[in-house]
Amino acid sequence: MISVEHLSIEFSSRPVLDDISFLIHKKDRIALVGKNGAGKTTLLRLLAGEYEPTSGHISRESGLRIGYLPQVMLFTDSRSLREEVMTVFSGEDEARFVAEMDRTLVGLGFERTDFTRPCSEFSGGWRMRIELAKILLRHPDLLLLDEPTNHLDIESIQWLEEFLAQSQSAVLLVSHDRAFLDHATNRTIEITLGRIYDYNVPYSQFVILRQERHEQQVRAYLNQQKMIEDTEAFIERFRYKPTKAVQVQSRIKQLNRLERLEVDVEDTSRLHLRFPPAPRSGDFPVIIEDLRKDYGAHTVIRDVTLTIRRGEKVAFVGKNGEGKTTLVRCIMGQLDYLGTLKIGHNVRIGYFAQNQASLLDENLTVFQTIDYVATGDIRTRIRDILGAFMFGGEASEKKVKVLSGGERSRLAMIRLLLEPCNLLILDEPTNHLDMQSKEVLKEALKDFDGTLVCVSHDRDFLDGLVGKIYEFGGGKVREHLGGIYDFLRTKKMASLQELERRQPDKNTGGQPRTTKETASKLSYEQQKAEAAAKRKKEKQIAETEAEIEHLENEQKQMETLLQDPQQQTQENFQKYEHVKHLIQQKLYEWEILSDS
């Protein structure tokens with residue numbers, strides 16, 4: 001299908017890929033792996049035709065259809081969900097593919113009531129699902145998927161795994177979800193230091209083979225370094241002896257011709273990060289009874305009763321929008337609610353949320369940010385820790401203000417790891433972490449002697465970490481004892497039994513009528529109340545955005561003012577910091593309003 005031959009590409013004279021060659025065959029299922037910045041996305045864009053190589057070429061089979069899902073894309077707002085997805089079909093195909101379209105959208109987590117909603121109403125993560133649905137429905141010969149699971153919940157990830165397994169398309173995908181890679185691929189291509197290594201095995205087996213390759217490289221590298229040292233010592237010793245001139249020149253030429261070996265995988269397997277000892281809390285850090293949270297006429301969760309004991313590690317799982325983050329915010333005291341919620345004696349909460357990155361001091365460097373909170377002997381290992389989270393070398397001296405959103409999230413996670421607490425609440429902590437960073441974090445959490453609540457869709461990350469699952473769905477929260485795979489096995493059996501019990505309904509085109517569809521038929525009064533609540537929320541969002549814009553303009557004016565040495569007074573600096581604090585507050589309010 002595709003032949004890549006001696007391909008190289010440079011950006012600003014910096015080589016990203018150097019003389020790589022490989023083939024993609026029909027029905028290949030390939031995982032493309034490597035550290036952040038190794039060139040994975042660059043290679044996908046080359047294959048998709050968005051970039052041209054500096055040298056070498058890519059040969060594509062005549063008529064080859066490629067479907068490419070990038071990490072970042074532009075969206076259109078003028079159509080409904082159904083209308084947008086229907087754009088992939090020609091007129092004669094529409095009727096034939098409607099059922100397939102519905103199955104695909106439901107598999108990716110959409111409700112049937114979503115089909116008529118404007119695309120502009122969906123968040124970035126859901127709009128990414130819309131684009132994924134369009135690509136899958138085109139049935140391309142080759143699927144190029146760049147982090148497709150970042151915005152999917154566990155059920156949608158499982159559906160995508162099954163879809164890819166049954167698809168006739170070849171697949172080349174980038175993901176940091178180990179379990180997804182193992183289920184969806186059977187071949188692994190690693191990019192490291194501009195080169196590629198091709199393994200005809202799934203990811204887990206690749207990890208073992210890569211370690212063996214690394215050990216061989218280390219041995220060869222050390223042997224070569226010893227030979228270079230011996231040769232240089234010989235040259236230095238006999239450089240000025242006429243009787244040795246021929247041998248010295250021979251050794252110099254030998255070194256000049258030598259192809260220097262590199263160790264292309266940094267070995268951080270021995271890095272072990274530990275949380276500070278957790279101060280002892282009461283026996284029950286969190287007790288919730290009959291909790292309910294409404295947004296206007298919409299009930300997010302109701303009748304929630306649960307108790308989290310000291311030392312427990314639990315996961316909140318479920319489809320997006322089912323109330324996981326809402327309950328976390330209730331525990332954090334950020335939202336009001338009905339019912340009872342008690343935080344236990346001497347509970348000190350460490351909280352990681354998506355807005356955590358916005359609270360970092362932008363004027364500090366990466367190193368200073370961590371050095372500020374590190375205590376004890378951990379201070380001697382700050383650079384090792386930063387390296388494990390992709391802030392090694394010069395990256396540790398970057399100012400926070402120049403970091404990307406993902407980099408800020410990783411930095412906020414490191415900060416949290418070093419602050420003493422006894423109840424950790426992590427909301428999707430792995431979204432911006434690569435495999436190595438996730439392993440470091442997971443091992444640290446397993447050794448953590450406090451209580452953990454983790455909201456995550458990453459099965460491999462949760463496996464062996466949590467011993468209890470709280471499932472969110474249909475406004476309810478259900479407790480499941482055991483690990484994540486015990487829960488998934490139970491759910492799959494329950495789903496099959498439920499499927500067998502449900503009978504087709506002639507009014508739904510032969511499809512079983514779900515309780516959600518029945519419940520979605522609201523009364524006229526309910527619809528009016530929900531519409532009013534929606535209008536009120538939209539007004540609040542618009543007002544908050546206007547306030548943010550005003551404050552940001554004020555901040556720029558203050559920055560201009562403070563460039564004048566005569567204006568650099570204590571009063572002006574305090575005013576500037578106050579404006580920055582107000583902006584952070586308003587951004588957080590905007591996020592809560594937008595996510596609710």
# chains A, B, ... in the order shown; residues from 1 in each chain; ligands from 1
>>> select_by_dssp(residues="segment 124-360 of chain A", states="strand (DSSP E)", output="VMD selection string")
chain A and resid 142 to 146 170 to 174 187 to 192 195 to 199 286 to 295 298 to 308 313 to 318 338 to 343 349 to 352
>>> closest_residue(among="A:Leu47, A:Ile2, A:Gly39, A:Leu359", to="Ser59 of chain A", atoms="only C-alpha atoms")
A:Ile2
>>> residues_around(residues="Gly49 of chain A", least_positions_apart="5", cutoff="10 Å", atoms="only C-alpha atoms", output="ChimeraX atom specification")
/A:43-44,58,66,68
>>> residues_around(residues="Ile385 of chain A", least_positions_apart="5", cutoff="12 Å", atoms="only C-alpha atoms", output="mmCIF file with N, CA and C atoms, in the first residue's frame")
data_model
loop_
_atom_site.group_PDB
_atom_site.id
_atom_site.type_symbol
_atom_site.label_atom_id
_atom_site.label_comp_id
_atom_site.auth_asym_id
_atom_site.auth_seq_id
_atom_site.Cartn_x
_atom_site.Cartn_y
_atom_site.Cartn_z
ATOM 1 N N THR A 268 15.560 5.132 32.380
ATOM 2 C CA THR A 268 15.061 5.696 33.636
ATOM 3 C C THR A 268 14.305 4.644 34.428
ATOM 4 N N ARG A 270 15.165 2.781 36.718
ATOM 5 C CA ARG A 270 15.448 2.719 38.149
ATOM 6 C C ARG A 270 14.899 3.921 38.917
ATOM 7 N N LEU A 271 14.417 4.904 38.190
ATOM 8 C CA LEU A 271 13.868 6.063 38.875
ATOM 9 C C LEU A 271 12.614 5.667 39.636
ATOM 10 N N HIS A 272 12.593 5.970 40.910
ATOM 11 C CA HIS A 272 11.449 5.597 41.746
ATOM 12 C C HIS A 272 11.056 6.810 42.574
ATOM 13 N N LEU A 273 9.882 7.325 42.315
ATOM 14 C CA LEU A 273 9.420 8.521 42.989
ATOM 15 C C LEU A 273 8.437 8.147 44.085
ATOM 16 N N ARG A 274 8.616 8.723 45.248
ATOM 17 C CA ARG A 274 7.712 8.439 46.370
ATOM 18 C C ARG A 274 7.054 9.732 46.831
ATOM 19 N N VAL A 366 10.746 26.022 35.001
ATOM 20 C CA VAL A 366 10.273 24.685 35.366
ATOM 21 C C VAL A 366 10.977 24.208 36.634
ATOM 22 N N PHE A 367 12.301 24.362 36.675
ATOM 23 C CA PHE A 367 13.068 23.918 37.841
ATOM 24 C C PHE A 367 12.639 24.675 39.094
ATOM 25 N N ILE A 370 9.354 23.498 40.757
ATOM 26 C CA ILE A 370 9.440 22.273 41.558
ATOM 27 C C ILE A 370 10.330 22.488 42.783
ATOM 28 N N ASP A 371 11.418 23.235 42.610
ATOM 29 C CA ASP A 371 12.328 23.492 43.723
ATOM 30 C C ASP A 371 11.608 24.211 44.865
ATOM 31 N N ALA A 374 9.646 21.312 46.763
ATOM 32 C CA ALA A 374 10.369 20.095 47.156
ATOM 33 C C ALA A 374 10.996 20.272 48.534
ATOM 34 N N ILE A 378 14.443 14.745 48.576
ATOM 35 C CA ILE A 378 13.895 14.781 47.212
ATOM 36 C C ILE A 378 14.512 15.935 46.429
ATOM 37 N N ARG A 379 15.011 16.959 47.145
ATOM 38 C CA ARG A 379 15.601 18.121 46.468
ATOM 39 C C ARG A 379 16.830 17.736 45.654
ATOM 40 N N THR A 380 17.524 16.690 46.083
ATOM 41 C CA THR A 380 18.731 16.269 45.361
ATOM 42 C C THR A 380 18.392 15.527 44.076
ATOM 43 N N MET A 390 9.725 14.406 31.078
ATOM 44 C CA MET A 390 10.052 15.067 29.815
ATOM 45 C C MET A 390 10.462 16.526 29.986
ATOM 46 N N PHE A 391 11.096 16.859 31.119
ATOM 47 C CA PHE A 391 11.646 18.193 31.318
ATOM 48 C C PHE A 391 13.149 18.095 31.584
ATOM 49 N N GLY A 392 13.815 17.200 30.877
ATOM 50 C CA GLY A 392 15.240 17.032 31.086
ATOM 51 C C GLY A 392 16.058 18.114 30.404
ATOM 52 N N GLY A 393 17.313 18.270 30.837
ATOM 53 C CA GLY A 393 18.252 19.182 30.189
ATOM 54 C C GLY A 393 17.778 20.620 30.187
ATOM 55 N N SER A 396 14.336 22.179 31.566
ATOM 56 C CA SER A 396 14.088 22.531 32.972
ATOM 57 C C SER A 396 14.271 24.023 33.233
ATOM 58 N N ARG A 410 1.664 18.617 32.908
ATOM 59 C CA ARG A 410 2.666 17.692 33.457
ATOM 60 C C ARG A 410 3.404 18.332 34.626
ATOM 61 N N LEU A 411 3.723 19.619 34.491
ATOM 62 C CA LEU A 411 4.433 20.313 35.558
ATOM 63 C C LEU A 411 3.569 20.415 36.808
ATOM 64 N N MET A 413 1.332 18.318 37.659
ATOM 65 C CA MET A 413 1.289 16.965 38.235
ATOM 66 C C MET A 413 2.534 16.712 39.096
ATOM 67 N N ILE A 414 3.711 17.098 38.603
ATOM 68 C CA ILE A 414 4.939 16.906 39.389
ATOM 69 C C ILE A 414 4.843 17.664 40.704
ATOM 70 N N ARG A 415 4.347 18.900 40.635
ATOM 71 C CA ARG A 415 4.195 19.719 41.843
ATOM 72 C C ARG A 415 3.330 19.013 42.866
ATOM 73 N N LEU A 417 2.822 15.863 43.175
ATOM 74 C CA LEU A 417 3.482 14.666 43.698
ATOM 75 C C LEU A 417 4.354 14.972 44.917
ATOM 76 N N LEU A 418 4.805 16.209 45.025
ATOM 77 C CA LEU A 418 5.771 16.547 46.068
ATOM 78 C C LEU A 418 5.149 17.230 47.275
ATOM 79 N N GLN A 436 6.362 6.418 29.731
ATOM 80 C CA GLN A 436 7.352 6.416 30.803
ATOM 81 C C GLN A 436 6.869 7.235 31.995
ATOM 82 N N SER A 437 6.321 8.425 31.717
ATOM 83 C CA SER A 437 5.836 9.285 32.802
ATOM 84 C C SER A 437 4.669 8.634 33.532
ATOM 85 N N VAL A 440 5.999 6.057 35.979
ATOM 86 C CA VAL A 440 6.569 6.686 37.174
ATOM 87 C C VAL A 440 5.451 7.118 38.112
ATOM 88 N N LEU A 441 4.417 7.753 37.543
ATOM 89 C CA LEU A 441 3.292 8.211 38.358
ATOM 90 C C LEU A 441 2.546 7.033 38.981
ATOM 91 N N ALA A 444 4.404 5.516 41.873
ATOM 92 C CA ALA A 444 4.357 6.403 43.041
ATOM 93 C C ALA A 444 2.996 6.320 43.724
#
>>> atom_distance(atom1="atom CA of Leu181 of chain A", atom2="atom CA of Leu32 of chain A")
9.4 Å
>>> closest_residue(among="A:Gln540, A:Thr325, A:Ser120, A:Ser358", to="Ile425 of chain A", atoms="only C-alpha atoms")
A:Thr325
>>> closest_residue(among="A:Arg348, A:Glu322, A:Thr149, A:Leu291", to="Asp336 of chain A", atoms="only C-alpha atoms")
A:Leu291
>>> closest_residue(among="A:Val106, A:Leu69, A:Ile191, A:Leu261", to="Leu144 of chain A", atoms="only C-alpha atoms")
A:Leu69
>>> residues_around(residues="Phe115 of chain A", least_positions_apart="6", cutoff="12 Å", atoms="only C-alpha atoms", output="list in words")
Arg79, Ser80, Leu81, Arg82, Glu83, Glu84, Val85, Met86, Val98, Met101, Asp102, Arg103, Thr104, Leu105, Val106, Gly109, Glu121, Phe122 and Ile130 of chain A
>>> write_last_selection(atoms="N, CA, C and O atoms", output="PDB file, in the first residue's frame")
ATOM      1  N   ARG A  79     -23.729  23.244  10.972  1.00  0.00           N
ATOM      2  CA  ARG A  79     -24.608  22.093  10.777  1.00  0.00           C
ATOM      3  C   ARG A  79     -24.892  21.357  12.084  1.00  0.00           C
ATOM      4  O   ARG A  79     -24.172  21.503  13.062  1.00  0.00           O
ATOM      5  N   SER A  80     -25.943  20.540  12.058  1.00  0.00           N
ATOM      6  CA  SER A  80     -26.225  19.664  13.185  1.00  0.00           C
ATOM      7  C   SER A  80     -25.256  18.482  13.137  1.00  0.00           C
ATOM      8  O   SER A  80     -24.563  18.265  12.133  1.00  0.00           O
ATOM      9  N   LEU A  81     -25.223  17.703  14.228  1.00  0.00           N
ATOM     10  CA  LEU A  81     -24.354  16.526  14.271  1.00  0.00           C
ATOM     11  C   LEU A  81     -24.646  15.598  13.105  1.00  0.00           C
ATOM     12  O   LEU A  81     -23.738  15.182  12.374  1.00  0.00           O
ATOM     13  N   ARG A  82     -25.922  15.253  12.896  1.00  0.00           N
ATOM     14  CA  ARG A  82     -26.272  14.328  11.803  1.00  0.00           C
ATOM     15  C   ARG A  82     -25.895  14.920  10.447  1.00  0.00           C
ATOM     16  O   ARG A  82     -25.331  14.229   9.589  1.00  0.00           O
ATOM     17  N   GLU A  83     -26.188  16.209  10.237  1.00  0.00           N
ATOM     18  CA  GLU A  83     -25.877  16.839   8.951  1.00  0.00           C
ATOM     19  C   GLU A  83     -24.380  16.861   8.690  1.00  0.00           C
ATOM     20  O   GLU A  83     -23.933  16.636   7.560  1.00  0.00           O
ATOM     21  N   GLU A  84     -23.596  17.117   9.737  1.00  0.00           N
ATOM     22  CA  GLU A  84     -22.148  17.151   9.573  1.00  0.00           C
ATOM     23  C   GLU A  84     -21.608  15.778   9.178  1.00  0.00           C
ATOM     24  O   GLU A  84     -20.776  15.660   8.271  1.00  0.00           O
ATOM     25  N   VAL A  85     -22.076  14.739   9.850  1.00  0.00           N
ATOM     26  CA  VAL A  85     -21.594  13.390   9.542  1.00  0.00           C
ATOM     27  C   VAL A  85     -22.067  12.933   8.168  1.00  0.00           C
ATOM     28  O   VAL A  85     -21.360  12.223   7.449  1.00  0.00           O
ATOM     29  N   MET A  86     -23.265  13.376   7.772  1.00  0.00           N
ATOM     30  CA  MET A  86     -23.803  12.978   6.469  1.00  0.00           C
ATOM     31  C   MET A  86     -22.993  13.547   5.302  1.00  0.00           C
ATOM     32  O   MET A  86     -23.124  13.076   4.167  1.00  0.00           O
ATOM     33  N   VAL A  98     -27.321   5.245   6.737  1.00  0.00           N
ATOM     34  CA  VAL A  98     -27.876   5.885   7.928  1.00  0.00           C
ATOM     35  C   VAL A  98     -27.746   4.987   9.157  1.00  0.00           C
ATOM     36  O   VAL A  98     -27.346   5.424  10.236  1.00  0.00           O
ATOM     37  N   MET A 101     -24.223   4.866  10.304  1.00  0.00           N
ATOM     38  CA  MET A 101     -23.868   6.134  10.924  1.00  0.00           C
ATOM     39  C   MET A 101     -24.377   6.180  12.366  1.00  0.00           C
ATOM     40  O   MET A 101     -23.645   6.575  13.277  1.00  0.00           O
ATOM     41  N   ASP A 102     -25.624   5.768  12.567  1.00  0.00           N
ATOM     42  CA  ASP A 102     -26.194   5.779  13.912  1.00  0.00           C
ATOM     43  C   ASP A 102     -25.414   4.860  14.842  1.00  0.00           C
ATOM     44  O   ASP A 102     -25.116   5.221  15.986  1.00  0.00           O
ATOM     45  N   ARG A 103     -25.080   3.664  14.357  1.00  0.00           N
ATOM     46  CA  ARG A 103     -24.317   2.728  15.191  1.00  0.00           C
ATOM     47  C   ARG A 103     -22.956   3.308  15.563  1.00  0.00           C
ATOM     48  O   ARG A 103     -22.493   3.170  16.695  1.00  0.00           O
ATOM     49  N   THR A 104     -22.304   3.968  14.609  1.00  0.00           N
ATOM     50  CA  THR A 104     -20.983   4.532  14.851  1.00  0.00           C
ATOM     51  C   THR A 104     -21.049   5.656  15.884  1.00  0.00           C
ATOM     52  O   THR A 104     -20.238   5.719  16.817  1.00  0.00           O
ATOM     53  N   LEU A 105     -22.025   6.544  15.734  1.00  0.00           N
ATOM     54  CA  LEU A 105     -22.149   7.665  16.670  1.00  0.00           C
ATOM     55  C   LEU A 105     -22.480   7.180  18.080  1.00  0.00           C
ATOM     56  O   LEU A 105     -21.921   7.663  19.063  1.00  0.00           O
ATOM     57  N   VAL A 106     -23.396   6.213  18.189  1.00  0.00           N
ATOM     58  CA  VAL A 106     -23.738   5.668  19.505  1.00  0.00           C
ATOM     59  C   VAL A 106     -22.526   4.957  20.104  1.00  0.00           C
ATOM     60  O   VAL A 106     -22.239   5.071  21.301  1.00  0.00           O
ATOM     61  N   GLY A 109     -20.258   7.201  21.855  1.00  0.00           N
ATOM     62  CA  GLY A 109     -20.743   7.817  23.083  1.00  0.00           C
ATOM     63  C   GLY A 109     -21.859   8.828  22.915  1.00  0.00           C
ATOM     64  O   GLY A 109     -22.332   9.384  23.909  1.00  0.00           O
ATOM     65  N   GLU A 121     -22.534  23.300  19.798  1.00  0.00           N
ATOM     66  CA  GLU A 121     -22.844  23.050  21.203  1.00  0.00           C
ATOM     67  C   GLU A 121     -21.897  22.047  21.853  1.00  0.00           C
ATOM     68  O   GLU A 121     -21.858  21.935  23.076  1.00  0.00           O
ATOM     69  N   PHE A 122     -21.137  21.308  21.036  1.00  0.00           N
ATOM     70  CA  PHE A 122     -20.286  20.257  21.586  1.00  0.00           C
ATOM     71  C   PHE A 122     -18.912  20.808  21.962  1.00  0.00           C
ATOM     72  O   PHE A 122     -18.374  21.692  21.297  1.00  0.00           O
ATOM     73  N   ILE A 130     -16.751  13.557  16.560  1.00  0.00           N
ATOM     74  CA  ILE A 130     -17.497  13.744  15.307  1.00  0.00           C
ATOM     75  C   ILE A 130     -16.573  13.527  14.112  1.00  0.00           C
ATOM     76  O   ILE A 130     -16.923  12.822  13.151  1.00  0.00           O
TER      77      ILE A 130
END
>>> atom_distance(atom1="atom CA of Phe180 of chain A", atom2="atom CA of Leu488 of chain A")
14.0 Å
>>> closest_residue(among="A:Tyr337, A:Gln568, A:Ala315, A:Val347", to="Gly482 of chain A", atoms="only C-alpha atoms")
A:Ala315
>>> residues_around(residues="Gly344 of chain A", least_positions_apart="3", cutoff="10 Å", atoms="only C-alpha atoms", output="VMD selection string")
chain A and resid 281 to 287 308 to 310 341 347 to 348
